[in-house]
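A.B. asks: Take a look at target.pdb, PDB, C-alpha atoms and all ligand atoms:
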ATOM      1  CA  MET A   3       0.000   0.000   0.000
ATOM      2  CA  ASN A   4       1.207   3.483  -0.911
ATOM      3  CA  LEU A   5       0.320   5.248   2.337
ATOM      4  CA  ILE A   6       1.018   8.940   2.752
ATOM      5  CA  VAL A   7       0.608  10.848   5.998
ATOM      6  CA  PHE A   8       0.210  14.489   5.174
ATOM      7  CA  ASP A   9      -0.537  17.907   6.556
ATOM      8  CA  LEU A  10      -1.387  21.161   4.828
ATOM      9  CA  GLU A  11      -1.208  24.768   5.841
ATOM     10  CA  TRP A  12      -3.604  27.041   4.023
ATOM     11  CA  ASN A  13      -4.206  30.745   3.767
ATOM     12  CA  ILE A  14      -7.620  32.352   4.075
ATOM     13  CA  GLY A  15      -8.935  35.633   2.769
ATOM     14  CA  TYR A  16     -10.173  38.676   4.590
ATOM     15  CA  GLN A  17     -13.312  38.162   2.484
ATOM     16  CA  PRO A  18     -14.801  34.718   1.801
ATOM     17  CA  LYS A  19     -14.353  33.414  -1.709
ATOM     18  CA  THR A  20     -16.727  31.121  -3.553
ATOM     19  CA  PHE A  21     -16.284  29.207  -6.779
ATOM     20  CA  ARG A  22     -18.491  27.244  -9.156
ATOM     21  CA  TYR A  23     -18.184  23.484  -9.215
ATOM     22  CA  HIS A  24     -20.331  21.924 -11.968
ATOM     23  CA  GLY A  25     -22.915  24.609 -11.354
ATOM     24  CA  ALA A  26     -22.856  24.453  -7.555
ATOM     25  CA  GLU A  27     -21.519  27.378  -5.537
ATOM     26  CA  ILE A  28     -18.881  26.284  -3.049
ATOM     27  CA  THR A  29     -17.029  28.287  -0.416
ATOM     28  CA  LEU A  30     -13.257  27.938  -0.693
ATOM     29  CA  ARG A  31     -11.989  26.636   2.641
ATOM     30  CA  GLY A  32      -8.488  27.901   2.068
ATOM     31  CA  GLU A  33      -5.662  28.147  -0.441
ATOM     32  CA  ILE A  34      -2.780  25.788   0.217
ATOM     33  CA  ILE A  35       0.502  27.499   1.108
ATOM     34  CA  GLN A  36       2.466  24.556   2.470
ATOM     35  CA  ILE A  37       2.451  20.793   1.927
ATOM     36  CA  GLY A  38       4.209  18.349   4.224
ATOM     37  CA  ALA A  39       3.926  14.645   3.481
ATOM     38  CA  VAL A  40       5.568  11.440   4.628
ATOM     39  CA  ARG A  41       5.401   8.128   2.792
ATOM     40  CA  ILE A  42       5.402   5.279   5.306
ATOM     41  CA  ASP A  43       5.311   1.505   5.207
ATOM     42  CA  ALA A  44       2.838  -0.662   7.129
ATOM     43  CA  GLY A  45       5.067  -0.532  10.207
ATOM     44  CA  GLY A  46       5.079   3.265  10.209
ATOM     45  CA  ASP A  47       8.694   3.563   9.040
ATOM     46  CA  VAL A  48       9.444   6.679   6.979
ATOM     47  CA  LEU A  49      10.299   5.918   3.340
ATOM     48  CA  ASP A  50      10.283   9.398   1.831
ATOM     49  CA  THR A  51       9.207  12.964   2.591
ATOM     50  CA  PHE A  52       7.776  15.914   0.654
ATOM     51  CA  ASP A  53       8.092  19.507   1.838
ATOM     52  CA  MET A  54       7.040  22.525  -0.185
ATOM     53  CA  THR A  55       5.941  26.118   0.383
ATOM     54  CA  LEU A  56       3.548  27.422  -2.262
ATOM     55  CA  LYS A  57       2.835  30.834  -3.704
ATOM     56  CA  PRO A  58      -0.948  31.365  -3.618
ATOM     57  CA  ARG A  59      -2.798  33.107  -6.438
ATOM     58  CA  ILE A  60      -6.223  33.720  -4.850
ATOM     59  CA  PHE A  61      -5.449  34.680  -1.253
ATOM     60  CA  ARG A  62      -2.083  36.302  -2.021
ATOM     61  CA  LYS A  63      -1.827  38.291   1.174
ATOM     62  CA  LEU A  64      -0.870  36.132   4.158
ATOM     63  CA  GLN A  65      -3.671  36.467   6.704
ATOM     64  CA  HIS A  66      -2.290  37.663  10.052
ATOM     65  CA  HIS A  67      -3.702  34.776  12.089
ATOM     66  CA  ILE A  68      -2.306  32.223   9.610
ATOM     67  CA  ALA A  69       1.078  33.967   9.809
ATOM     68  CA  LYS A  70       1.018  33.670  13.591
ATOM     69  CA  VAL A  71       0.033  29.982  13.658
ATOM     70  CA  THR A  72       2.345  28.753  10.886
ATOM     71  CA  GLY A  73       5.312  31.066  11.402
ATOM     72  CA  LEU A  74       5.331  31.628   7.639
ATOM     73  CA  THR A  75       6.036  35.100   6.248
ATOM     74  CA  GLN A  76       4.773  36.994   3.212
ATOM     75  CA  VAL A  77       8.278  36.819   1.721
ATOM     76  CA  GLU A  78       8.353  33.023   2.026
ATOM     77  CA  LEU A  79       4.977  32.812   0.268
ATOM     78  CA  ASP A  80       6.081  35.177  -2.487
ATOM     79  CA  MET A  81       9.206  33.051  -3.014
ATOM     80  CA  GLY A  82       7.201  29.811  -2.935
ATOM     81  CA  VAL A  83       6.517  27.489  -5.858
ATOM     82  CA  PRO A  84       3.498  28.767  -7.860
ATOM     83  CA  ILE A  85       0.558  26.783  -6.522
ATOM     84  CA  ALA A  86      -0.449  25.061  -9.786
ATOM     85  CA  ASP A  87       3.128  23.810 -10.373
ATOM     86  CA  GLY A  88       3.586  22.780  -6.749
ATOM     87  CA  LEU A  89       0.341  20.821  -6.622
ATOM     88  CA  ALA A  90       1.182  19.052  -9.886
ATOM     89  CA  GLU A  91       4.555  18.071  -8.432
ATOM     90  CA  PHE A  92       2.905  16.796  -5.261
ATOM     91  CA  VAL A  93       0.454  14.700  -7.309
ATOM     92  CA  ARG A  94       3.391  13.164  -9.217
ATOM     93  CA  TRP A  95       5.346  12.510  -6.028
ATOM     94  CA  ALA A  96       2.400  10.891  -4.251
ATOM     95  CA  GLY A  97       1.416   8.691  -7.183
ATOM     96  CA  PRO A  98      -1.950   7.671  -8.643
ATOM     97  CA  ASP A  99      -2.460   4.880  -6.078
ATOM     98  CA  ALA A 100      -1.726   7.078  -3.041
ATOM     99  CA  GLN A 101      -3.907   6.626   0.009
ATOM    100  CA  PHE A 102      -3.810   9.482   2.479
ATOM    101  CA  ALA A 103      -3.899   9.584   6.237
ATOM    102  CA  GLU A 104      -4.292  12.818   8.160
ATOM    103  CA  TRP A 105      -4.933  14.036  11.669
ATOM    104  CA  GLY A 106      -8.669  14.876  11.495
ATOM    105  CA  LEU A 107     -10.553  15.297   8.251
ATOM    106  CA  ASP A 108      -9.864  18.904   7.281
ATOM    107  CA  ASP A 109      -6.985  18.576   4.837
ATOM    108  CA  VAL A 110      -8.329  16.337   2.064
ATOM    109  CA  PRO A 111     -11.320  18.609   1.295
ATOM    110  CA  VAL A 112      -8.953  21.582   1.067
ATOM    111  CA  LEU A 113      -6.616  19.552  -1.166
ATOM    112  CA  LYS A 114      -9.442  18.557  -3.505
ATOM    113  CA  GLN A 115     -10.809  22.100  -3.753
ATOM    114  CA  ASN A 116      -7.313  23.349  -4.631
ATOM    115  CA  LEU A 117      -6.703  20.549  -7.158
ATOM    116  CA  PHE A 118      -9.932  21.472  -8.925
ATOM    117  CA  LEU A 119      -9.160  25.203  -8.939
ATOM    118  CA  ASN A 120      -5.759  24.481 -10.488
ATOM    119  CA  GLY A 121      -7.045  22.235 -13.262
ATOM    120  CA  LEU A 122      -5.908  18.968 -11.650
ATOM    121  CA  ASP A 123      -7.977  15.822 -11.038
ATOM    122  CA  GLU A 124      -9.992  16.388  -7.864
ATOM    123  CA  ASN A 125     -11.199  12.763  -7.811
ATOM    124  CA  TRP A 126      -7.749  11.871  -6.560
ATOM    125  CA  PRO A 127      -7.040  10.663  -3.903
ATOM    126  CA  ALA A 128      -9.826   8.094  -3.888
ATOM    127  CA  ARG A 129      -9.241   6.855  -0.363
ATOM    128  CA  TRP A 130      -8.183   8.616   2.805
ATOM    129  CA  TYR A 131      -8.225   7.929   6.512
ATOM    130  CA  ASP A 132      -8.673   9.949   9.668
ATOM    131  CA  LEU A 133      -5.907   8.966  12.088
ATOM    132  CA  GLN A 134      -7.728  10.750  14.905
ATOM    133  CA  ARG A 135     -10.565   8.255  14.521
ATOM    134  CA  ILE A 136      -8.090   5.345  14.557
ATOM    135  CA  PHE A 137      -6.318   6.823  17.584
ATOM    136  CA  LEU A 138      -9.606   7.072  19.506
ATOM    137  CA  GLN A 139     -10.295   3.372  18.942
ATOM    138  CA  SER A 140      -7.142   2.533  20.893
ATOM    139  CA  TYR A 141      -7.241   5.470  23.307
ATOM    140  CA  PRO A 142     -10.831   6.561  23.974
ATOM    141  CA  ARG A 143     -11.100  10.192  24.930
ATOM    142  CA  LYS A 144     -11.398  11.021  28.595
ATOM    143  CA  GLU A 145     -13.094  14.064  30.082
ATOM    144  CA  GLY A 146     -11.148  17.253  29.358
ATOM    145  CA  GLU A 147      -8.658  15.687  26.961
ATOM    146  CA  GLY A 148      -7.856  17.748  23.874
ATOM    147  CA  MET A 149      -7.547  16.221  20.440
ATOM    148  CA  THR A 150      -5.125  18.649  18.814
ATOM    149  CA  LEU A 151      -1.971  17.075  17.460
ATOM    150  CA  GLU A 152       0.157  18.718  20.143
ATOM    151  CA  SER A 153      -2.066  17.669  23.040
ATOM    152  CA  VAL A 154      -2.023  14.045  21.856
ATOM    153  CA  VAL A 155       1.756  14.148  21.385
ATOM    154  CA  ASP A 156       1.975  15.328  25.012
ATOM    155  CA  ARG A 157      -0.437  12.685  26.259
ATOM    156  CA  MET A 158       1.468   9.888  24.523
ATOM    157  CA  GLY A 159       4.789  11.084  25.931
ATOM    158  CA  ILE A 160       6.288  11.660  22.470
ATOM    159  CA  GLU A 161       9.425  13.775  22.560
ATOM    160  CA  LYS A 162       8.848  17.303  21.222
ATOM    161  CA  ASP A 163      12.130  17.779  19.405
ATOM    162  CA  ILE A 164      10.768  19.715  16.397
ATOM    163  CA  PRO A 165       8.356  22.688  16.230
ATOM    164  CA  PHE A 166       4.613  22.409  15.506
ATOM    165  CA  HIS A 167       2.530  23.945  12.692
ATOM    166  CA  ASN A 168       5.068  23.521   9.981
ATOM    167  CA  ALA A 169       3.346  21.117   7.599
ATOM    168  CA  LEU A 170       6.144  18.546   7.367
ATOM    169  CA  ASP A 171       6.835  18.645  11.117
ATOM    170  CA  ASP A 172       3.142  18.094  11.860
ATOM    171  CA  ALA A 173       3.073  15.188   9.395
ATOM    172  CA  LEU A 174       6.148  13.708  11.140
ATOM    173  CA  TYR A 175       4.466  14.024  14.557
ATOM    174  CA  THR A 176       1.377  12.375  13.104
ATOM    175  CA  VAL A 177       3.597   9.478  11.957
ATOM    176  CA  LYS A 178       5.004   9.189  15.488
ATOM    177  CA  ILE A 179       1.464   8.795  16.804
ATOM    178  CA  ALA A 180       0.578   6.352  14.012
ATOM    179  CA  ARG A 181       3.529   4.149  15.011
ATOM    180  CA  LEU A 182       1.877   3.616  18.413
ATOM    181  CA  LEU A 183      -1.341   2.334  16.796
ATOM    182  CA  PRO A 184      -2.302  -1.020  15.226
ATOM    183  CA  LEU A 185      -2.232   0.772  11.896
ATOM    184  CA  ALA A 186      -2.439  -2.084   9.395
ATOM    185  CA  ASP A 187      -5.445  -3.687  11.129
ATOM    186  CA  ALA A 188      -7.182  -0.350  11.633
ATOM    187  CA  LEU A 189      -6.820   0.576   7.944
ATOM    188  CA  ARG A 190      -8.147  -2.827   6.875
ATOM    189  CA  ALA A 191     -11.192  -2.409   9.142
ATOM    190  CA  TYR A 192     -11.700   1.281   8.326
ATOM    191  CA  PRO A 193     -15.377   1.928   7.473
ATOM    192  CA  SER A 194     -16.337   3.209   4.023
ATOM    193  CA  GLU A 195     -17.934   6.648   3.697
ATOM    194  CA  ASP A 196     -21.212   4.843   3.141
ATOM    195  CA  ALA A 197     -20.881   2.884   6.383
ATOM    196  CA  GLN A 198     -19.870   6.012   8.326
ATOM    197  CA  LEU A 199     -22.864   7.926   7.051
ATOM    198  CA  ARG A 200     -25.265   5.092   7.940
ATOM    199  CA  GLU A 201     -23.741   4.896  11.395
ATOM    200  CA  ALA A 202     -24.228   8.651  11.850
ATOM    201  CA  LEU A 203     -27.857   8.402  10.734
ATOM    202  CA  LEU A 204     -28.976   5.396  12.755
ATOM    203  CA  THR A 205     -28.111   6.551  16.248
ATOM    204  CA  ASP A 206     -31.175   5.682  18.322
ATOM    205  CA  PRO A 207     -31.032   2.062  19.563
ATOM    206  CA  ALA A 208     -34.719   2.227  20.495
ATOM    207  CA  ALA A 209     -35.826   3.260  16.994
ATOM    208  CA  THR A 210     -37.003   1.033  14.150
ATOM    209  CA  TYR A 211     -35.540   2.061  10.821
ATOM    210  CA  TYR A 212     -36.624   1.080   7.316
ATOM    211  CA  ASP A 213     -35.368   1.648   3.797
ATOM    212  CA  VAL A 214     -31.831   2.838   4.698
ATOM    213  CA  THR A 215     -30.334   4.207   1.472
ATOM    214  CA  THR A 216     -27.336   6.363   0.632
ATOM    215  CA  PHE A 217     -26.938   8.876  -2.180
ATOM    216  CA  PRO A 218     -23.268   9.781  -2.620
ATOM    217  CA  GLY A 219     -21.587  12.446  -4.707
ATOM    218  CA  ARG A 220     -24.350  15.011  -5.250
ATOM    219  CA  LEU A 221     -23.881  18.722  -5.868
ATOM    220  CA  ASN A 222     -26.957  20.256  -4.281
ATOM    221  CA  HIS A 223     -27.231  20.525  -0.490
ATOM    222  CA  ASP A 224     -31.036  20.850  -0.707
ATOM    223  CA  ASP A 225     -31.516  17.571  -2.577
ATOM    224  CA  TYR A 226     -32.911  15.999   0.592
ATOM    225  CA  LYS A 227     -36.012  18.164   0.256
ATOM    226  CA  THR A 228     -36.037  19.016  -3.452
ATOM    227  CA  GLY A 229     -34.515  16.006  -5.216
ATOM    228  CA  PRO A 230     -37.411  13.703  -6.194
ATOM    229  CA  GLU A 231     -35.152  10.661  -6.037
ATOM    230  CA  LEU A 232     -34.367  11.466  -2.410
ATOM    231  CA  CYS A 233     -37.600  12.799  -0.957
ATOM    232  CA  SER A 234     -40.215  10.665  -2.708
ATOM    233  CA  VAL A 235     -40.697   7.744  -0.351
ATOM    234  CA  ASN A 236     -43.160   4.968   0.230
ATOM    235  CA  CYS A 237     -44.729   3.443   3.297
ATOM    236  CA  PRO A 238     -42.566   0.547   4.540
ATOM    237  CA  LEU A 239     -45.732  -1.436   5.351
ATOM    238  CA  CYS A 240     -48.026  -0.954   2.337
ATOM    239  CA  GLY A 241     -45.881   0.766  -0.294
ATOM    240  CA  ALA A 242     -48.217   3.759  -0.656
ATOM    241  CA  ALA A 243     -46.555   7.079  -1.500
ATOM    242  CA  LEU A 244     -46.004   9.053   1.700
ATOM    243  CA  ARG A 245     -47.122  12.671   1.998
ATOM    244  CA  VAL A 246     -43.893  14.401   3.023
ATOM    245  CA  GLY A 247     -44.104  17.337   5.450
ATOM    246  CA  GLU A 248     -42.970  20.779   4.336
ATOM    247  CA  ILE A 249     -41.242  21.819   7.534
ATOM    248  CA  TRP A 250     -37.834  20.217   7.958
ATOM    249  CA  LEU A 251     -36.289  20.176  11.395
ATOM    250  CA  LYS A 252     -32.582  20.029  12.125
ATOM    251  CA  ARG A 253     -31.110  17.196  14.039
ATOM    252  CA  GLY A 254     -27.504  17.687  15.028
ATOM    253  CA  ASN A 255     -25.209  19.630  12.738
ATOM    254  CA  THR A 256     -25.975  17.914   9.458
ATOM    255  CA  GLY A 257     -29.210  16.034   9.969
ATOM    256  CA  TYR A 258     -32.740  16.903   8.851
ATOM    257  CA  TYR A 259     -36.059  15.226   9.369
ATOM    258  CA  THR A 260     -39.740  15.687   8.751
ATOM    259  CA  GLN A 261     -43.004  13.854   9.123
ATOM    260  CA  ALA A 262     -44.227  11.645   6.280
ATOM    261  CA  ASP A 263     -47.759  10.283   6.335
ATOM    262  CA  CYS A 264     -49.327   7.129   4.972
ATOM    263  CA  PRO A 265     -53.126   7.218   4.477
ATOM    264  CA  ARG A 266     -53.409   3.778   6.114
ATOM    265  CA  HIS A 267     -50.517   3.624   8.570
ATOM    266  CA  GLY A 268     -50.228   7.153   9.862
ATOM    267  CA  SER A 269     -47.028   9.078  10.543
ATOM    268  CA  TRP A 270     -43.435   8.107   9.877
ATOM    269  CA  PHE A 271     -40.310  10.203  10.059
ATOM    270  CA  LEU A 272     -38.251  10.764   6.940
ATOM    271  CA  ARG A 273     -34.707  11.329   8.106
ATOM    272  CA  PHE A 274     -31.464  12.395   6.393
ATOM    273  CA  LYS A 275     -27.839  12.741   7.400
ATOM    274  CA  LEU A 276     -25.501  14.762   5.198
ATOM    275  CA  SER A 277     -21.760  14.863   4.803
ATOM    276  CA  ARG A 278     -19.366  16.776   2.589
ATOM    277  CA  ARG A 279     -16.285  14.736   3.173
ATOM    278  CA  ASP A 280     -14.438  15.727  -0.017
ATOM    279  CA  GLY A 281     -15.198  19.453   0.184
ATOM    280  CA  LEU A 282     -17.037  19.316  -3.152
ATOM    281  CA  HIS A 283     -19.937  16.879  -3.016
ATOM    282  CA  TRP A 284     -22.782  16.135  -0.649
ATOM    283  CA  SER A 285     -23.533  12.604   0.373
ATOM    284  CA  PHE A 286     -26.852  11.691   1.955
ATOM    285  CA  ALA A 287     -28.017   8.772   4.033
ATOM    286  CA  ARG A 288     -31.774   8.379   4.253
ATOM    287  CA  CYS A 289     -34.120   6.266   6.310
ATOM    288  CA  ILE A 290     -37.728   6.010   7.326
ATOM    289  CA  GLU A 291     -38.212   5.752  11.058
ATOM    290  CA  ALA A 292     -41.249   4.443  12.876
ATOM    291  CA  THR A 293     -42.710   7.145  15.101
ATOM    292  CA  ARG A 294     -43.272   6.578  18.792
ATOM    293  CA  PRO A 295     -45.463   8.729  21.069
ATOM    294  CA  GLU A 296     -42.401  10.337  22.674
ATOM    295  CA  THR A 297     -40.547  11.045  19.397
ATOM    296  CA  LEU A 298     -43.723  12.392  17.802
ATOM    297  CA  GLU A 299     -44.299  14.665  20.771
ATOM    298  CA  LYS A 300     -40.738  15.969  20.536
ATOM    299  CA  TYR A 301     -41.153  16.510  16.801
ATOM    300  CA  ASN A 302     -44.383  18.478  17.326
ATOM    301  CA  ARG A 303     -42.803  20.700  19.972
ATOM    302  CA  GLN A 304     -39.806  21.417  17.765
ATOM    303  CA  LYS A 305     -42.055  22.003  14.759
ATOM    304  CA  ALA A 306     -44.206  24.515  16.676
ATOM    305  CA  ARG A 307     -41.061  26.472  17.620
ATOM    306  CA  GLN A 308     -39.833  26.366  14.030
ATOM    307  CA  GLU A 309     -43.210  27.600  12.724
ATOM    308  CA  ALA A 310     -43.167  30.446  15.242
ATOM    309  CA  ARG A 311     -39.661  31.418  14.078
ATOM    310  CA  LEU A 312     -40.700  31.364  10.413
ATOM    311  CA  LYS A 313     -43.792  33.449  11.190
ATOM    312  CA  LYS A 314     -41.727  36.005  13.096
ATOM    313  CA  ARG A 315     -39.233  36.220  10.241
ATOM    314  CA  ALA A 316     -42.031  36.724   7.696
ATOM    315  CA  GLU A 317     -43.519  39.496   9.847
ATOM    316  CA  ALA A 318     -40.139  41.184  10.226
ATOM    317  CA  MET A 319     -39.630  41.093   6.456
ATOM    318  CA  GLN A 320     -43.088  42.531   5.912
ATOM    319  CA  ALA A 321     -42.357  45.326   8.384
ATOM    320  CA  ALA A 322     -39.061  46.053   6.595
ATOM    321  CA  ASP A 323     -40.927  46.194   3.259
ATOM    322  CA  HIS A 324     -43.373  48.711   4.714
ATOM    323  CA  ALA A 325     -40.527  50.813   6.093
ATOM    324  CA  THR A 326     -38.907  51.125   2.668
ATOM    325  CA  GLU A 327     -42.139  51.931   0.830
TER     326      GLU A 327
HETATM  327 ZN    ZN B 401     -48.855   2.384   4.692
END
If you convert what's in this file into structure tokens, what do you get?
C.D. replies:
Amino acid sequence: MNLIVFDLEWNIGYQPKTFRYHGAEITLRGEIIQIGAVRIDAGGDVLDTFDMTLKPRIFRKLQHHIAKVTGLTQVELDMGVPIADGLAEFVRWAGPDAQFAEWGLDDVPVLKQNLFLNGLDENWPARWYDLQRIFLQSYPRKEGEGMTLESVVDRMGIEKDIPFHNALDDALYTVKIARLLPLADALRAYPSEDAQLREALLTDPAATYYDVTTFPGRLNHDDYKTGPELCSVNCPLCGAALRVGEIWLKRGNTGYYTQADCPRHGSWFLRFKLSRRDGLHWSFARCIEATRPETLEKYNRQKARQEARLKKRAEAMQAADHATE
């Protein structure tokens, strides 16, 4: 396996920047200014490293907070490798079969956004792993424990002989943590995106779920309520088309649900969980959940609050219209 542990530093703008991706508007999470990467074998031994500072073309001015955290200077950025050339070189170095491992899940989406904006293939890499997730399997988090790279390095008693927040140094620290983990087994058992999304959707052990389906790689965030393929559903008991409610309630950060009614079998919940793991596409997991008196009551309470909010907003907009007339 061609496994690469990597870390990126990226610059941000003083104004947000969006770009079009196959018609969808996407907010740029950051423009890469430094790549650090370490190729390792299954035992965690270092085979090769990659270290490059890049010259950005969108966010050219180094944001002051980024300067403070990374220790990079405007001069270093200006003298860096032009981003399109640097990314192309990184792609060549890593290889078409590269699988990536990173601390957390922030870097791959930034990488893919930057590959796309520089005319490179954003479908690469096809597979990547969150080492934080693997770490937590071996060392479950205790109350008050941080999960930043530095706090975990401290906790594991790893010697701090190089600085933090330089991309290559952070990648090397990540490798030191990886060496303490059953890496080969954990990568073999690592759940697919599909499995992770299902797991995030089906959280209530007391619930009965039907028709669990996933819809990966879509462009539109609102597909859960506007995409016919996603929001046209049938009763799990009789197959009749369900009448789907118009008010969607949030559940957690990236979950939505509404009521869906069968003429014969009454109310169900239609539930979705979303993820945007690659920074470019939305993936959805969907299920139909049997309602219970207590979940229905909770739904109705939440719905009443939501309706009150929408009403208030409509009134405020009306008042604003009057004021400008
Ligand atoms: Zn039915």
A.B. asks: Given the PyMOL selection byres (((not hetatm)) within 6 of (chain B and resi 401)) and the file above, list the residues it selects as a list in words.
C.D. replies: Cys237, Leu239, Cys240, Ala242, Cys264, Arg266 and His267 of chain A
A.B. asks: Using the chain letters and numbers from the file, which residues does the PyMOL selection byres (((chain A and resi 247-255) around 12) and not hetatm) grab, as a PyMOL selection string?
C.D. replies: chain A and resi 202-203+205+224+226-228+233-235+244-246+256-264+269-277+300-312
A.B. asks: Identify all residues satisfying the PyMOL selection byres (((chain A and resi 222) around 10) and not hetatm) in the given file; provide them as a PyMOL selection string.
C.D. replies: chain A and resi 25-27+219-221+223-226+228-229+283-285
A.B. asks: Could you state the separation of atom CA of Lys162 of chain A and atom CA of Ala180 of chain A in Å, given to one decimal place?
C.D. replies: 15.5 Å
A.B. asks: Smallest atom-to-atom distance to Asp9 of chain A: which of A:Trp105, A:Trp126, A:Tyr131, A:Phe118, using all atoms listed in the file?
C.D. replies: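 For Asp9 of chain A, the nearest of the candidates is A:Trp105.
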A.B. asks: Considering all atoms listed in the file, can you say which of A:Thr51, A:Gln320, A:Ser140, A:Asn168 comes closest to Leu185 of chain A?
C.D. replies: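 Of A:Thr51, A:Gln320, A:Ser140, A:Asn168, the one nearest Leu185 of chain A, counting all atoms listed in the file, is A:Ser140.
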A.B. asks: Taking 3 positions as the minimum chain separation for residues in the same chain, which residues sit within 7 Å of Tyr211 of chain A when counting all atoms listed in the file? Answer as a PDB file with C-alpha atoms, in the frame of the given file.
C.D. replies:
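Result went into result_34.pdb, see below:
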ATOM      1  CA  CYS A 289     -34.120   6.266   6.310  1.00  0.00           C
ATOM      2  CA  ILE A 290     -37.728   6.010   7.326  1.00  0.00           C
ATOM      3  CA  GLU A 291     -38.212   5.752  11.058  1.00  0.00           C
ATOM      4  CA  ALA A 292     -41.249   4.443  12.876  1.00  0.00           C
TER       5      ALA A 292
END
A.B. asks: Using Å and a single decimal, report how far atom CA of Ala86 of chain A sits from atom CA of Ala39 of chain A.
C.D. replies: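 Between atom CA of Ala39 of chain A and atom CA of Ala86 of chain A the gap is 17.4 Å.
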A.B. asks: Check the smallest atom-to-atom distance from each of A:Ile68, A:Leu151, A:Ala287, A:Leu199 to Phe217 of chain A using all atoms listed in the file, then report the winner.
C.D. replies: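 Answer, going by the shortest atom-to-atom distance: A:Ala287.
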A.B. asks: Fewer than 2 positions away in the same chain doesn't count, so skip those; otherwise give me all residues within 10 Å of Gly46 of chain A, counting only C-alpha atoms, as an NGL selection string.
C.D. replies: :A and (5 or 7 or 40-44 or 48-49 or 177-186)
A.B. asks: Rank nothing, just name the residue among A:Ile160, A:Ile6, A:Leu204, A:Leu282 nearest to Leu117 of chain A, using only C-alpha atoms.
C.D. replies: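 The shortest atom-to-atom distance to Leu117 of chain A comes from A:Leu282.
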A.B. asks: Using only C-alpha atoms for the distances, tell me which of A:Ala69, A:Ile28, A:Leu122, A:Ala103 is nearest to Ala90 of chain A.
C.D. replies: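 Among the listed residues, the smallest separation from Ala90 of chain A belongs to A:Leu122.
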A.B. asks: Interatomic distance between atom CA of Gly268 of chain A and atom CA of Asn236 of chain A?
C.D. replies: 12.1 Å
A.B. asks: Tell me which protein, DNA and RNA residues are within 7 Å of Ile85 of chain A, counting only C-alpha atoms, leaving out same-chain ones fewer than 2 positions away, and put them as a compact mmCIF listing (two decimals) with C-alpha atoms, keeping the file's coordinate frame.
C.D. replies:
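Writing the result to selection_39.txt gives the following:
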# COMPACT_ATOMS: atom_id res chain seq x y z
CA LEU A 56 3.55 27.42 -2.26
CA LYS A 57 2.84 30.83 -3.70
CA PRO A 58 -0.95 31.36 -3.62
CA VAL A 83 6.52 27.49 -5.86
CA ASP A 87 3.13 23.81 -10.37
CA GLY A 88 3.59 22.78 -6.75
CA LEU A 89 0.34 20.82 -6.62
A.B. asks: Which residue gives the smallest distance to Pro295 of chain A among A:Leu107, A:Ile164, A:Ala96, A:Ala209, with all atoms listed in the file counted?
C.D. replies: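 Checking each candidate against Pro295 of chain A, we get A:Ala209 as the closest.
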A.B. asks: Near Thr55 of chain A, counting only C-alpha atoms, which residues have an atom at most 7 Å away, once you skip same-chain residues fewer than 4 positions from it, shown as a PyMOL selection string?
C.D. replies: chain A and resi 35-37+79+82-83
A.B. asks: Kindly provide, as AutoDock Vina command-line options, the centre and edge lengths (Å, one decimal) of an axis-aligned box around all atoms of segment 266-278 of chain A given in the file, with 4 Å on each side.
C.D. replies:
--center_x -36.4 --center_y 10.2 --center_z 6.6 --size_x 42.0 --size_y 21.2 --size_z 16.0
